[in-house]
file entry_6.cif (mmCIF, C-alpha atoms)
data_my_file
#
loop_
_atom_site.label_atom_id
_atom_site.label_comp_id
_atom_site.auth_asym_id
_atom_site.auth_seq_id
_atom_site.Cartn_x
_atom_site.Cartn_y
_atom_site.Cartn_z
CA MET A 1 236.97 114.46 51.70
CA VAL A 2 234.68 112.02 53.40
CA PRO A 3 233.75 113.18 56.88
CA ARG A 4 234.94 110.81 59.55
CA GLU A 5 232.10 108.81 60.95
CA VAL A 6 231.69 109.25 64.68
CA LYS A 7 230.76 105.92 66.15
CA GLU A 8 228.72 106.68 69.19
CA VAL A 9 226.25 104.32 70.74
CA VAL A 10 223.67 106.04 72.88
CA ARG A 11 222.23 103.64 75.43
CA THR A 12 218.57 104.48 75.53
CA ASP A 13 217.60 101.05 76.90
CA ASP A 14 219.37 101.49 80.24
CA PRO A 15 217.12 103.10 82.91
CA ASP A 16 220.22 104.11 84.88
CA VAL A 17 221.44 106.09 81.87
CA ALA A 18 218.13 107.96 81.96
CA LEU A 19 218.70 108.73 85.67
CA MET A 20 222.23 109.91 84.94
CA LEU A 21 220.97 112.20 82.19
CA LEU A 22 218.49 113.68 84.68
CA CYS A 23 221.40 114.15 87.07
CA LYS A 24 223.32 115.88 84.28
CA GLY A 25 220.37 118.23 83.95
CA GLY A 26 220.63 119.16 87.64
CA ASP A 27 218.34 116.58 89.24
CA ASP A 28 220.08 115.57 92.49
CA VAL A 29 217.24 113.23 93.42
CA ALA A 30 218.06 111.14 90.35
CA PHE A 31 221.68 111.05 91.48
CA SER A 32 220.73 109.90 94.97
CA GLN A 33 218.66 107.09 93.43
CA LEU A 34 221.71 105.94 91.50
CA VAL A 35 223.86 106.04 94.64
CA GLU A 36 221.32 104.02 96.60
CA LYS A 37 221.02 101.48 93.81
CA TYR A 38 224.76 100.91 93.42
CA GLU A 39 226.23 101.64 96.85
CA ASP A 40 226.26 97.99 97.96
CA ARG A 41 227.91 96.84 94.75
CA VAL A 42 230.55 99.57 94.69
CA LEU A 43 231.30 99.11 98.38
CA GLY A 44 231.48 95.34 97.88
CA LEU A 45 233.94 95.70 95.02
CA ALA A 46 236.07 98.16 96.98
CA TYR A 47 235.96 96.02 100.11
CA ARG A 48 237.01 92.83 98.32
CA TYR A 49 239.75 94.74 96.54
CA LEU A 50 241.15 96.54 99.59
CA GLY A 51 240.34 94.09 102.38
CA ASP A 52 239.54 96.99 104.72
CA ARG A 53 236.06 98.30 105.44
CA GLY A 54 237.03 101.88 106.27
CA LEU A 55 239.19 102.31 103.17
CA ALA A 56 236.51 100.67 101.06
CA GLU A 57 233.91 103.18 102.28
CA ASP A 58 236.27 106.03 101.40
CA MET A 59 236.84 104.61 97.93
CA ALA A 60 233.13 104.04 97.31
CA GLN A 61 232.33 107.58 98.41
CA GLU A 62 235.08 108.98 96.18
CA ALA A 63 233.77 106.98 93.21
CA PHE A 64 230.26 108.42 93.55
CA LEU A 65 231.58 111.93 94.03
CA ARG A 66 233.53 111.54 90.79
CA VAL A 67 230.35 110.49 89.05
CA TYR A 68 228.65 113.61 90.39
CA ARG A 69 231.52 115.92 89.42
CA ALA A 70 231.63 114.42 85.93
CA ARG A 71 227.87 114.73 85.39
CA GLY A 72 228.21 117.80 83.17
CA ARG A 73 230.44 115.91 80.74
CA TYR A 74 228.47 112.66 80.85
CA GLU A 75 227.67 111.05 77.49
CA PRO A 76 225.77 107.74 77.44
CA ARG A 77 228.23 105.66 75.42
CA ALA A 78 228.01 102.58 77.63
CA LYS A 79 225.79 101.07 80.28
CA PHE A 80 225.80 103.27 83.36
CA SER A 81 227.12 100.41 85.50
CA THR A 82 230.08 99.89 83.17
CA TRP A 83 230.94 103.58 83.35
CA LEU A 84 230.65 103.49 87.14
CA TYR A 85 232.87 100.42 87.38
CA ARG A 86 235.43 102.13 85.16
CA ILE A 87 235.63 104.97 87.68
CA VAL A 88 236.11 102.48 90.54
CA VAL A 89 238.78 100.61 88.56
CA ASN A 90 240.62 103.86 87.86
CA LEU A 91 240.60 104.66 91.56
CA ALA A 92 241.78 101.16 92.46
CA LEU A 93 244.56 100.87 89.92
CA ASN A 94 245.74 104.42 89.40
CA GLU A 95 245.55 106.10 92.78
CA LEU A 96 248.43 105.23 95.02
CA ARG A 97 246.60 106.18 98.18
CA TRP A 98 244.54 103.02 98.02
CA GLN A 99 247.67 100.95 97.63
CA ARG A 100 249.59 102.85 100.32
CA GLY A 101 246.68 102.65 102.70
CA ARG A 102 245.95 98.99 102.09
CA PRO A 103 246.83 96.84 105.05
CA SER A 104 249.04 93.85 104.49
CA VAL A 105 247.39 90.62 103.44
CA ALA A 106 248.17 89.04 106.80
CA LEU A 107 246.50 91.92 108.65
CA ALA A 108 243.48 91.96 106.39
CA VAL A 109 242.95 88.27 106.87
CA LYS A 110 243.68 88.36 110.57
CA THR A 111 240.98 90.98 111.18
CA GLU A 112 238.48 89.00 109.15
CA THR A 113 236.77 86.68 111.58
CA SER A 114 234.45 83.94 110.62
CA SER A 115 231.53 85.99 111.95
CA ASN A 116 231.89 88.67 109.29
CA VAL A 117 232.89 86.46 106.41
CA ASN A 118 229.59 86.08 104.71
CA ILE A 119 229.24 82.51 103.67
CA ASP A 120 226.92 81.43 100.94
CA HIS A 121 225.61 78.21 102.46
CA THR A 122 223.86 77.11 99.35
CA ASP A 123 225.41 74.33 97.35
CA SER A 124 228.62 75.64 95.83
CA GLY A 125 228.97 72.73 93.45
CA LEU A 126 231.90 71.25 95.34
CA LEU A 127 232.68 67.55 95.36
CA PRO A 128 232.32 66.26 98.00
CA PRO A 129 229.89 68.59 99.90
CA MET A 130 231.69 70.52 102.61
CA GLU A 131 230.71 71.10 106.23
CA THR A 132 229.94 74.64 107.35
CA LEU A 133 233.15 75.00 109.36
CA GLU A 134 235.22 73.92 106.41
CA LYS A 135 233.40 76.41 104.24
CA GLU A 136 234.17 79.22 106.65
CA GLU A 137 237.85 78.30 106.76
CA LEU A 138 237.84 78.02 103.02
CA ALA A 139 236.21 81.44 102.65
CA VAL A 140 239.03 82.97 104.71
CA ARG A 141 241.59 81.12 102.59
CA ILE A 142 239.95 82.33 99.37
CA ARG A 143 240.03 85.90 100.64
CA GLU A 144 243.74 85.45 101.33
CA ILE A 145 244.35 84.11 97.84
CA VAL A 146 242.37 86.87 96.13
CA MET A 147 244.27 89.53 98.12
CA GLU A 148 247.59 87.99 97.04
CA LEU A 149 246.78 88.45 93.34
CA PRO A 150 248.39 91.39 91.51
CA GLU A 151 246.05 94.43 91.47
CA ASN A 152 244.94 94.10 87.84
CA GLN A 153 244.27 90.36 88.12
CA ARG A 154 242.40 90.93 91.37
CA ILE A 155 240.17 93.63 89.91
CA ALA A 156 239.48 91.49 86.81
CA ILE A 157 238.44 88.52 88.96
CA LEU A 158 236.26 90.69 91.18
CA LEU A 159 234.48 92.28 88.22
CA ASN A 160 233.99 88.98 86.43
CA LYS A 161 233.18 86.66 89.29
CA PHE A 162 231.58 88.93 91.89
CA GLU A 163 229.99 91.67 89.81
CA ASP A 164 228.97 89.23 87.07
CA LEU A 165 230.48 91.31 84.29
CA SER A 166 231.14 89.46 81.03
CA TYR A 167 234.65 89.49 79.57
CA GLU A 168 233.57 92.28 77.23
CA GLU A 169 232.09 94.36 80.05
CA THR A 170 235.16 93.71 82.22
CA ALA A 171 237.36 94.84 79.33
CA GLU A 172 235.28 97.99 78.95
CA ALA A 173 235.47 98.75 82.67
CA MET A 174 239.23 98.15 82.72
CA GLU A 175 239.77 99.98 79.42
CA MET A 176 241.64 97.10 77.82
CA SER A 177 240.99 94.57 75.07
CA VAL A 178 238.90 91.45 75.62
CA ALA A 179 242.00 89.38 74.76
CA ALA A 180 243.96 91.14 77.51
CA VAL A 181 241.17 90.51 80.02
CA LYS A 182 241.01 86.86 78.96
CA SER A 183 244.74 86.58 79.60
CA LEU A 184 244.49 88.33 83.00
CA LEU A 185 241.64 86.08 84.09
CA THR A 186 243.42 82.94 82.94
CA ARG A 187 246.57 83.84 84.91
CA ALA A 188 244.49 84.70 87.96
CA ARG A 189 242.47 81.50 87.79
CA VAL A 190 245.59 79.36 87.35
CA LYS A 191 247.05 80.90 90.53
CA ILE A 192 243.79 80.45 92.42
CA LYS A 193 243.46 76.86 91.21
CA GLU A 194 247.00 75.98 92.30
CA ARG A 195 246.42 77.35 95.79
CA LEU A 196 243.02 75.72 96.11
CA LEU A 197 244.04 72.27 94.89
CA PRO A 198 243.73 70.76 98.37
CA TYR A 199 240.07 71.76 98.43
CA LEU A 200 239.14 70.51 94.98
CA GLY A 201 237.49 67.21 94.21
CA GLU A 202 239.42 63.98 93.66
CA ASP A 203 238.97 64.05 89.92
CA VAL A 204 241.18 67.14 89.57
CA HIS A 205 243.86 65.77 91.91
CA ALA A 206 244.72 63.09 89.40
CA MET A 207 246.31 65.64 87.06
CA MET B 1 245.51 71.94 68.81
CA ARG B 2 248.16 71.19 71.37
CA CYS B 3 247.35 70.98 75.08
CA GLU B 4 249.24 74.25 75.82
CA GLU B 5 247.08 76.13 73.35
CA ILE B 6 243.91 74.57 74.68
CA ARG B 7 244.78 75.44 78.26
CA GLU B 8 244.98 79.13 77.32
CA LEU B 9 241.30 78.85 76.43
CA LEU B 10 240.04 76.68 79.27
CA VAL B 11 239.15 79.45 81.71
CA ALA B 12 237.13 81.26 79.05
CA HIS B 13 235.58 77.88 78.12
CA ALA B 14 234.57 77.29 81.75
CA ASP B 15 233.16 80.85 81.88
CA GLY B 16 231.19 80.36 78.64
CA GLU B 17 233.11 83.19 76.98
CA LEU B 18 234.42 81.47 73.83
CA ASP B 19 232.96 82.06 70.40
CA ASP B 20 231.42 79.09 68.54
CA VAL B 21 234.55 78.22 66.54
CA GLU B 22 236.87 78.24 69.57
CA ARG B 23 234.39 76.33 71.71
CA GLU B 24 234.07 73.55 69.13
CA ARG B 25 237.86 73.23 68.87
CA VAL B 26 238.18 73.00 72.66
CA ASP B 27 235.27 70.56 72.89
CA SER B 28 236.78 68.21 70.33
CA HIS B 29 240.16 68.32 72.12
CA LEU B 30 238.58 67.66 75.52
CA ALA B 31 236.76 64.62 74.13
CA ASN B 32 240.14 62.94 73.57
CA CYS B 33 242.32 64.42 76.34
CA PRO B 34 241.65 63.36 79.96
CA ALA B 35 244.38 65.70 81.34
CA CYS B 36 242.79 68.80 79.80
CA ARG B 37 239.37 67.60 80.97
CA ARG B 38 240.65 67.52 84.56
CA GLU B 39 242.19 70.97 84.12
CA ARG B 40 238.87 72.25 82.81
CA ALA B 41 237.05 70.72 85.80
CA ALA B 42 239.52 72.39 88.18
CA PHE B 43 238.83 75.82 86.70
CA GLU B 44 235.11 75.27 87.01
CA SER B 45 235.47 74.18 90.65
CA THR B 46 237.61 77.20 91.56
CA GLY B 47 235.00 79.43 89.96
CA ASN B 48 232.39 77.84 92.20
CA LEU B 49 234.62 78.15 95.26
CA LEU B 50 234.94 81.90 94.72
CA SER B 51 231.21 82.21 95.29
CA LEU B 52 231.82 81.15 98.92
CA LEU B 53 232.76 84.72 99.75
CA GLY B 54 229.21 85.85 99.11
CA PRO B 55 228.05 89.45 99.53
CA VAL B 56 229.74 91.95 101.82
CA PRO B 57 227.98 91.92 105.20
CA GLY B 58 225.83 94.95 106.05
CA ALA B 59 227.02 96.87 103.03
CA GLY B 60 226.05 100.36 102.01
CA ARG B 61 223.62 102.65 103.80
CA SER B 62 226.22 105.02 105.20
CA ILE B 63 227.74 105.62 101.77
CA SER B 64 224.58 107.17 100.37
CA ALA B 65 224.20 109.58 103.29
CA ARG B 66 227.87 110.62 103.17
CA VAL B 67 227.86 111.15 99.42
CA MET B 68 224.69 113.22 99.41
CA ALA B 69 225.89 115.37 102.33
CA THR B 70 229.11 116.10 100.43
CA VAL B 71 227.24 116.77 97.21
CA ARG B 72 225.00 119.29 98.94
CA GLY B 73 228.12 120.96 100.35
CA GLU B 74 229.44 121.17 96.80
CA ASP B 75 226.42 123.05 95.50
CA PRO B 76 227.92 125.92 93.48
CA TRP B 77 225.66 128.47 95.15
CA CYS B 78 226.61 127.15 98.61
CA GLY B 79 230.25 127.51 97.57
CA HIS B 80 229.67 131.14 96.62
CA ILE B 81 227.84 131.83 99.89
CA ARG B 82 230.60 130.21 101.96
CA ARG B 83 233.18 132.49 100.36
CA GLU B 84 231.10 135.52 101.40
CA LEU B 85 230.18 134.20 104.83
CA THR B 86 233.07 135.58 106.90
CA ALA B 87 232.54 139.06 105.48
CA PHE B 88 228.82 138.63 106.11
CA VAL B 89 229.15 137.77 109.81
CA ASP B 90 231.67 140.58 110.19
CA GLY B 91 229.11 143.03 108.75
CA GLU B 92 231.45 143.91 105.92
CA LEU B 93 229.07 143.30 103.01
CA THR B 94 226.94 145.98 101.40
CA GLU B 95 223.21 145.53 101.75
CA ALA B 96 223.01 144.38 98.12
CA GLU B 97 225.69 141.76 98.79
CA ALA B 98 224.26 140.70 102.14
CA ARG B 99 220.67 140.16 100.99
CA PRO B 100 221.23 136.99 98.90
CA VAL B 101 223.39 135.59 101.69
CA ARG B 102 220.62 136.21 104.22
CA GLU B 103 218.04 134.63 101.92
CA HIS B 104 220.23 131.58 101.37
CA LEU B 105 220.86 131.12 105.09
CA ALA B 106 217.12 131.05 105.68
CA THR B 107 216.80 127.96 103.47
CA CYS B 108 220.15 126.12 103.79
CA ALA B 109 220.72 124.48 107.15
CA ALA B 110 224.35 123.60 106.40
CA CYS B 111 225.34 127.15 105.50
CA ALA B 112 223.33 128.54 108.44
CA ALA B 113 225.23 126.25 110.79
CA GLU B 114 228.51 127.40 109.26
CA SER B 115 227.46 131.02 109.75
CA ARG B 116 226.66 130.45 113.44
CA ALA B 117 230.00 128.69 113.93
CA LEU B 118 231.83 131.65 112.37
CA GLU B 119 229.95 134.07 114.64
CA ARG B 120 230.88 132.06 117.73
CA THR B 121 234.53 131.97 116.68
CA GLY B 122 234.55 135.74 116.12
CA ASP B 123 232.98 136.36 119.54
CA ALA B 124 235.54 134.11 121.18
CA LEU B 125 238.41 135.95 119.51
CA ARG B 126 237.08 139.30 120.58
CA ALA B 127 236.40 138.18 124.16
CA TRP B 128 239.85 136.87 124.83
CA LYS B 129 242.47 139.11 126.47
CA LEU B 130 246.23 138.58 126.40
CA PRO B 131 247.44 139.40 129.93
CA SER B 132 250.94 138.13 129.29
CA MET B 133 251.59 140.56 126.47
CA ARG B 134 252.70 143.46 128.68
CA ILE B 135 255.29 141.25 130.34
CA GLY B 136 256.53 140.09 127.00
CA LEU B 137 256.88 143.64 125.72
CA ALA B 138 258.55 144.90 128.90
CA ARG B 139 261.10 142.12 128.72
CA LEU B 140 261.63 142.81 125.07
CA PHE B 141 262.23 146.52 125.52
CA ALA B 142 264.51 146.18 128.57
CA PRO B 143 267.81 145.05 126.98
CA PRO B 144 269.13 147.23 124.14
CA ARG B 145 269.30 144.60 121.43
CA ALA B 146 269.78 144.81 117.71
CA ARG B 147 267.22 146.83 115.77
CA GLY B 148 265.69 143.83 114.00
CA ARG B 149 264.54 142.39 117.30
CA LEU B 150 261.39 144.53 117.43
CA LEU B 151 260.27 143.42 114.03
CA ARG B 152 261.08 139.85 115.02
CA PHE B 153 258.86 140.22 118.05
CA ALA B 154 256.06 141.60 115.92
CA ALA B 155 256.35 138.64 113.61
CA ALA B 156 256.42 136.27 116.58
CA LEU B 157 253.31 137.98 117.92
CA ALA B 158 251.59 137.56 114.59
CA ALA B 159 252.48 133.90 114.44
CA ALA B 160 251.38 133.42 118.02
CA CYS B 161 248.06 135.10 117.30
CA LEU B 162 247.50 132.86 114.33
CA LEU B 163 248.27 129.84 116.46
CA LEU B 164 245.90 131.11 119.10
CA ALA B 165 243.14 131.79 116.61
CA VAL B 166 243.36 128.22 115.37
CA GLY B 167 243.56 126.99 118.94
CA ILE B 168 240.54 128.96 119.99
CA ALA B 169 238.49 127.72 117.10
CA PHE B 170 239.38 124.19 118.08
CA PHE B 171 238.92 124.78 121.79
CA VAL B 172 235.58 126.54 121.39
CA SER B 173 234.28 123.73 119.28
CA GLU B 174 235.36 121.27 121.96
CA SER B 175 234.13 122.96 125.11
CA GLY B 176 232.01 125.95 124.20
CA THR B 177 234.22 128.36 126.24
CA ALA B 178 236.82 130.91 125.18
CA THR B 179 239.65 130.15 127.60
CA PRO B 180 242.88 129.64 125.67
CA PRO B 181 244.69 126.37 126.28
CA PRO B 182 247.85 126.81 128.41
CA GLY B 183 249.91 125.05 125.77
CA LEU B 184 249.21 127.83 123.29
CA LEU B 185 250.15 130.52 125.82
CA ARG B 186 253.49 128.80 126.27
CA ALA B 187 253.87 128.44 122.53
CA MET B 188 253.69 132.21 122.13
CA GLU B 189 256.91 132.65 124.03
CA MET B 190 258.64 129.63 122.59
CA LEU B 191 258.64 130.23 118.83
CA ASP B 192 261.98 129.06 117.53
CA PRO B 193 264.46 131.50 115.96
CA ALA B 194 264.20 129.87 112.53
CA THR B 195 260.46 130.53 112.43
CA LEU B 196 261.06 134.11 113.51
CA GLU B 197 263.60 134.57 110.71
CA ILE B 198 261.03 133.41 108.17
CA LEU B 199 258.30 135.61 109.61
CA ASP B 200 260.70 138.59 109.50
CA GLN B 201 260.44 138.48 105.72
CA ASP B 202 256.75 139.37 105.76
CA PRO B 203 255.86 142.73 107.38
CA GLY B 204 252.28 142.14 106.23
CA LEU B 205 251.83 139.90 109.26
CA LEU B 206 251.67 143.02 111.41
CA GLU B 207 248.43 143.91 109.69
CA ILE B 208 247.05 140.50 110.53
CA VAL B 209 247.91 141.06 114.18
CA ARG B 210 246.01 144.33 114.18
CA ASP B 211 243.04 142.88 112.30
CA LEU B 212 242.70 140.07 114.78
CA GLU B 213 242.02 142.69 117.50
CA LEU B 214 244.03 140.72 120.03
CA LEU B 215 246.14 143.59 121.25
CA GLU B 216 243.76 145.10 123.77
CA SER B 217 246.19 144.58 126.62
CA VAL B 218 249.02 146.24 124.73
CA THR B 219 249.14 150.02 124.95
CA ASP B 220 248.60 152.20 121.93
CA GLU B 221 252.16 153.49 122.28
CA GLU B 222 253.55 149.99 122.10
CA VAL B 223 251.48 149.18 119.03
CA ALA B 224 252.57 152.40 117.38
CA LEU B 225 256.20 151.62 118.15
CA LEU B 226 255.87 148.10 116.74
CA THR B 227 254.19 149.36 113.62
CA LEU B 228 256.78 152.05 113.06
CA ASN B 229 259.61 149.60 113.44
CA GLY B 230 257.86 147.06 111.29
CA SER B 231 257.10 149.43 108.44
CA GLY B 232 260.51 151.05 108.72
CA GLY B 233 262.13 147.65 108.25
#

call {"tool": "encode", "arguments": {"input": "entry_6.cif", "output": "structure tokens"}}
result
Amino acid sequence: MVPREVKEVVRTDDPDVALMLLCKGGDDVAFSQLVEKYEDRVLGLAYRYLGDRGLAEDMAQEAFLRVYRARGRYEPRAKFSTWLYRIVVNLALNELRWQRGRPSVALAVKTETSSNVNIDHTDSGLLPPMETLEKEELAVRIREIVMELPENQRIAILLNKFEDLSYEETAEAMEMSVAAVKSLLTRARVKIKERLLPYLGEDVHAM
Amino acid sequence: MRCEEIRELLVAHADGELDDVERERVDSHLANCPACRRERAAFESTGNLLSLLGPVPGAGRSISARVMATVRGEDPWCGHIRRELTAFVDGELTEAEARPVREHLATCAACAAESRALERTGDALRAWKLPSMRIGLARLFAPPRARGRLLRFAAALAAACLLLAVGIAFFVSESGTATPPPGLLRAMEMLDPATLEILDQDPGLLEIVRDLELLESVTDEEVALLTLNGSGG
């Protein structure tokens, strides 16, 4: 009988994996370095997903605590960031408390004033160029649209567009196939495009 | 390829996520189909629009501090010490058991703070007298009621003491004094019959009442009577 080959990729090229292995060995300083490195990204993902700062902080904290509690079982089979995102995705999609606690879209948008919507004022590639006020209004509208997406489409868009994960990395974080992620992202982008048509350039209006 | 098939691939095309074969098929279709070209442009524009949200303002900072504080609280050795801490402050550990606790408290600020809080709570419990207890007992003994009433009172007393202990812990932490809140005093005499029925099922609560050392204003005879009735069922 031929022994079954265990396909296991050990990521030795990822410095965060090295930190996590130190953490596994009992080095809490290594863990705190990982938290400091990723806290903004995890909080950003949670905040965009939930639309509520307080809940997002709770979710981010819970995600890091899960990393810490799982340190003894950690095996470097993927990039550390992908593993971390998978934990956040599991929290977002599988734990009802984040859905129960999530304020309604209207509330989330209402509490989001233009002063704390962080606008990227660099050229966004829009035709024609938009004034700052329009951009701020548009940012609020985009937040509304993202929050209206079904949870799995929303998380896929956030990972792909805001965390810069490739389709393959998004699929790994969401524990689904690349084809399924491609389908999720297409459906999400079609919905976003339909709602944003008034803001798009003239060339796409002619469709 | 038909337009419907192409449109399934346009988002991935705009994101640069198609393999070479698929990309070439989409490219050749787009070269001859203005409608799909516009659709492709729309996906690219919406992708750009999403970037308007930018980073989350003032993110992080607090997360790191909160996580590390919790992690330190979850240190396995701290967990072991915390389980021993009440017995330690009550002087109920042997010297061999108490020594590692003492050594840990000298180096762990969080556990030392917990130890001091437990000591303060214990002092508050011991300092507090229950002046209304005599009245309650006198009223209880006056009318010749059914036999189960005494046990019911004992259970009510136990429940009241537990309520008071929780209340004191809260109150001490709020104000630093050991005066019981009036609401809790009232609560002692207002436990509902259903609660009393439930508490009747557990004579072990009498032991809790005695352990809490809250019966200083009740005479020894009264305690003995309660205990006899309680243990006699």

call {"tool": "closest_residue", "arguments": {"input": "entry_6.cif", "among": "A:Lys193, A:Arg48, A:Arg86, A:Lys37", "to": "Glu169 in chain A", "atoms": "all atoms listed in the file"}}
result
A:Arg86

call {"tool": "resolve_selection", "arguments": {"input": "entry_6.cif", "expression": "the PyMOL selection byres ((chain B) within 9 of (chain A))", "output": "compact mmCIF listing (two decimals) with C-alpha atoms, in the frame of the given file"}}
result
# COMPACT_ATOMS: atom_id res chain seq x y z
CA ARG B 7 244.78 75.44 78.26
CA GLU B 8 244.98 79.13 77.32
CA LEU B 9 241.30 78.85 76.43
CA LEU B 10 240.04 76.68 79.27
CA VAL B 11 239.15 79.45 81.71
CA ALA B 12 237.13 81.26 79.05
CA ASP B 15 233.16 80.85 81.88
CA GLU B 17 233.11 83.19 76.98
CA PRO B 34 241.65 63.36 79.96
CA ALA B 35 244.38 65.70 81.34
CA CYS B 36 242.79 68.80 79.80
CA ARG B 37 239.37 67.60 80.97
CA ARG B 38 240.65 67.52 84.56
CA GLU B 39 242.19 70.97 84.12
CA ARG B 40 238.87 72.25 82.81
CA ALA B 41 237.05 70.72 85.80
CA ALA B 42 239.52 72.39 88.18
CA PHE B 43 238.83 75.82 86.70
CA SER B 45 235.47 74.18 90.65
CA THR B 46 237.61 77.20 91.56
CA GLY B 47 235.00 79.43 89.96
CA ASN B 48 232.39 77.84 92.20
CA LEU B 49 234.62 78.15 95.26
CA LEU B 50 234.94 81.90 94.72
CA SER B 51 231.21 82.21 95.29
CA LEU B 52 231.82 81.15 98.92
CA LEU B 53 232.76 84.72 99.75
CA GLY B 54 229.21 85.85 99.11
CA PRO B 55 228.05 89.45 99.53
CA VAL B 56 229.74 91.95 101.82
CA PRO B 57 227.98 91.92 105.20
CA GLY B 58 225.83 94.95 106.05
CA ALA B 59 227.02 96.87 103.03
CA GLY B 60 226.05 100.36 102.01
CA ARG B 61 223.62 102.65 103.80
CA SER B 62 226.22 105.02 105.20
CA ILE B 63 227.74 105.62 101.77
CA SER B 64 224.58 107.17 100.37
CA ARG B 66 227.87 110.62 103.17
CA VAL B 67 227.86 111.15 99.42
CA MET B 68 224.69 113.22 99.41
CA THR B 70 229.11 116.10 100.43
CA VAL B 71 227.24 116.77 97.21
CA ARG B 72 225.00 119.29 98.94

call {"tool": "atom_distance", "arguments": {"input": "entry_6.cif", "atom1": "CA of Ala56 in chain A", "atom2": "CA of Glu44 in chain B"}}
result
29.1 Å

call {"tool": "resolve_selection", "arguments": {"input": "entry_6.cif", "expression": "the PyMOL selection byres ((chain B and resi 100) around 12)", "output": "tab-separated table (two decimals) with C-alpha atoms, keeping the file's coordinate frame"}}
result
chain	number	residue	atom	x	y	z
B	77	TRP	CA	225.66	128.47	95.15
B	78	CYS	CA	226.61	127.15	98.61
B	80	HIS	CA	229.67	131.14	96.62
B	81	ILE	CA	227.84	131.83	99.89
B	82	ARG	CA	230.60	130.21	101.96
B	84	GLU	CA	231.10	135.52	101.40
B	85	LEU	CA	230.18	134.20	104.83
B	88	PHE	CA	228.82	138.63	106.11
B	93	LEU	CA	229.07	143.30	103.01
B	94	THR	CA	226.94	145.98	101.40
B	95	GLU	CA	223.21	145.53	101.75
B	96	ALA	CA	223.01	144.38	98.12
B	97	GLU	CA	225.69	141.76	98.79
B	98	ALA	CA	224.26	140.70	102.14
B	99	ARG	CA	220.67	140.16	100.99
B	101	VAL	CA	223.39	135.59	101.69
B	102	ARG	CA	220.62	136.21	104.22
B	103	GLU	CA	218.04	134.63	101.92
B	104	HIS	CA	220.23	131.58	101.37
B	105	LEU	CA	220.86	131.12	105.09
B	106	ALA	CA	217.12	131.05	105.68
B	107	THR	CA	216.80	127.96	103.47
B	108	CYS	CA	220.15	126.12	103.79

call {"tool": "atom_distance", "arguments": {"input": "entry_6.cif", "atom1": "CA of Val26 in chain B", "atom2": "CA of Glu175 in chain A"}}
result
27.9 Å

call {"tool": "closest_residue", "arguments": {"input": "entry_6.cif", "among": "B:Leu30, B:Arg2, B:Gly16, B:Gly79", "to": "Cys111 in chain B", "atoms": "only C-alpha atoms"}}
result
B:Gly79

call {"tool": "atom_distance", "arguments": {"input": "entry_6.cif", "atom1": "CA of Pro76 in chain A", "atom2": "CA of Leu55 in chain A"}}
result
29.5 Å

call {"tool": "closest_residue", "arguments": {"input": "entry_6.cif", "among": "A:Tyr49, A:Pro198, A:Lys191, A:Ala18", "to": "Ala156 in chain A", "atoms": "all atoms listed in the file"}}
result
A:Tyr49
